[in-house]
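S.K.: I have a structure here, written as structure tokens, and I will follow up with some questions on it.
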Amino acid sequence: MKLVIAVIQDKDAHRLLEGLMQAGFGATKLASTGGFLREGNTTLLVGVEDERVDEVIGIIRRTCKAREQLVTPLAPMSGSAESYLPYPVEVQVGGATVFVLQVDRFEKF
Amino acid sequence: MKLVIAVIQDKDAHRLLEGLMQAGFGATKLASTGGFLREGNTTLLVGVEDERVDEVIGIIRRTCKAREQLVTPLAPMSGSAESYLPYPVEVQVGGATVFVLQVDRFEKF
Amino acid sequence: MKLVIAVIQDKDAHRLLEGLMQAGFGATKLASTGGFLREGNTTLLVGVEDERVDEVIGIIRRTCKAREQLVTPLAPMSGSAESYLPYPVEVQVGGATVFVLQVDRFEKF
Ligand code: NI
Ligand code: NI
Ligand code: NI
């Protein structure tokens, strides 16, 4: 048995929990924040049999992989809104940091 | 030294922390939620000497074991409240998922 | 790769995150409370290469070590405030409990 600890972005949490659940994995969600800049993190704990670790890692990779997204910024708060021409910019979203730990003993009551 | 990570129901957390404290174990309580359905989870971290792991596991089992409880449901929100005859139903409460991890190094400052 | 789990006081969290960041370590901050008495705890997860564990431990020790602090208590809620003579008392603050765990596998997407 392994314990997978995955730190992901909040916005990916719902899809990841769905993906894990569909594959038969339960997960516990801890409230977390990144150090300083990376607000809005979620930490998931997933208990998994050794032979299914690759599967869990694959689901996390597919769901949370860092990728670029087009975002249209809001008009600036100050300055002339009339001269503001919004156009989409690419920002990086997602990403996951995953630790797999050996479980010495597992109990379920 | 081992690290015990126990995911339990919120409603069992107070009694479990008391039981652990009475036996001399400190615990750290993380805010958590289960994946989707199982809202109201608590995750406890307990550092414990190898030879006392069974004792901690025993306290968790006794306190949090899944069991049936009689609950009287509230009257339904819609429909005629007058015709509503409340009677207790059995629901399952409690339960614990416990991971025991080997600690490589332990420090207390 | 190791996973360092450090339980510290909230009031030390900002300085510790800064110290870790300056040394090039990322950290994830989990909301936590101590069992019963020790409210206001923070649990940090720090992934670290084996050869830098001592460095992380050193930063935690220097930043969070239990120490005495002079605190001037507030006037008591009841009783005669006029006869209340405030003088500073020493209280213990800080402290850290640190678990270092072996990481079986580490992934970053
Ligand atoms: Ni959905
Ligand atoms: Ni009580
Ligand atoms: Ni600062």
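Residue numbering restarts at 1 in every chain; chains get A, B, ... in the order shown in the structure tokens, and ligands count up from 1 in that same order.
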Which residues are near ligand 1 - at most 10 Å, using only C-alpha atoms and all ligand atoms? Format: as a list in words.
M.R.: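 Those within range of ligand 1 are His14, Arg15, Leu16, Leu17, Glu18 and Gly19 of chain A; Phe36 of chain B.
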S.K.: Please identify all residues of chain B having at least one atom at most 10 Å from any atom of chain A, considering only C-alpha atoms, and return them as a ChimeraX atom specification.
M.R.: /B:2-8,30-36,38-39,41-43,53,57,60-62,64-67,94-102
S.K.: Determine which residues of range 8-108 of chain B receive a DSSP assignment of helix (DSSP H, G or I), computed from the backbone, and state them as a list in words.
M.R.: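 Residues of range 8-108 of chain B classed as helix (DSSP H, G or I): Asp10, Lys11, Asp12, Ala13, His14, Arg15, Leu16, Leu17, Glu18, Gly19, Leu20, Met21, Gln22, Asp50, Glu51, Arg52, Val53, Asp54, Glu55, Val56, Ile57, Gly58, Ile59, Ile60, Arg61, Arg62, Thr63 and Cys64 of chain B.
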S.K.: Report the distance between CA of Asp12 in chain C and CA of Leu70 in chain C in Å, rounded to one decimal place.
M.R.: 16.3 Å
S.K.: Give me, as an MDAnalysis selection string, the residues of chain C that a backbone DSSP run labels strand (DSSP E).
M.R.: chainID C and resid 2:9 28:34 41:48 67:71 89:93 96:102 105:108
S.K.: Taking into account only C-alpha atoms, which residue in the set B:Val89, B:Asp54, B:Ile59, B:Val48 is nearest to Val71 in chain B?
M.R.: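 For Val71 in chain B, the nearest of the given residues is B:Val89.
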S.K.: Which value, in Å to one decimal, gives the distance between CA of Leu85 in chain A and CA of Lys11 in chain A?
M.R.: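 Separation of CA of Leu85 in chain A and CA of Lys11 in chain A: 27.4 Å.
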S.K.: Rounded to one decimal in Å, what is the spacing between CA of Gln9 in chain A and CA of Pro88 in chain A?
M.R.: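 Computing it gives 21.4 Å between the two atoms.
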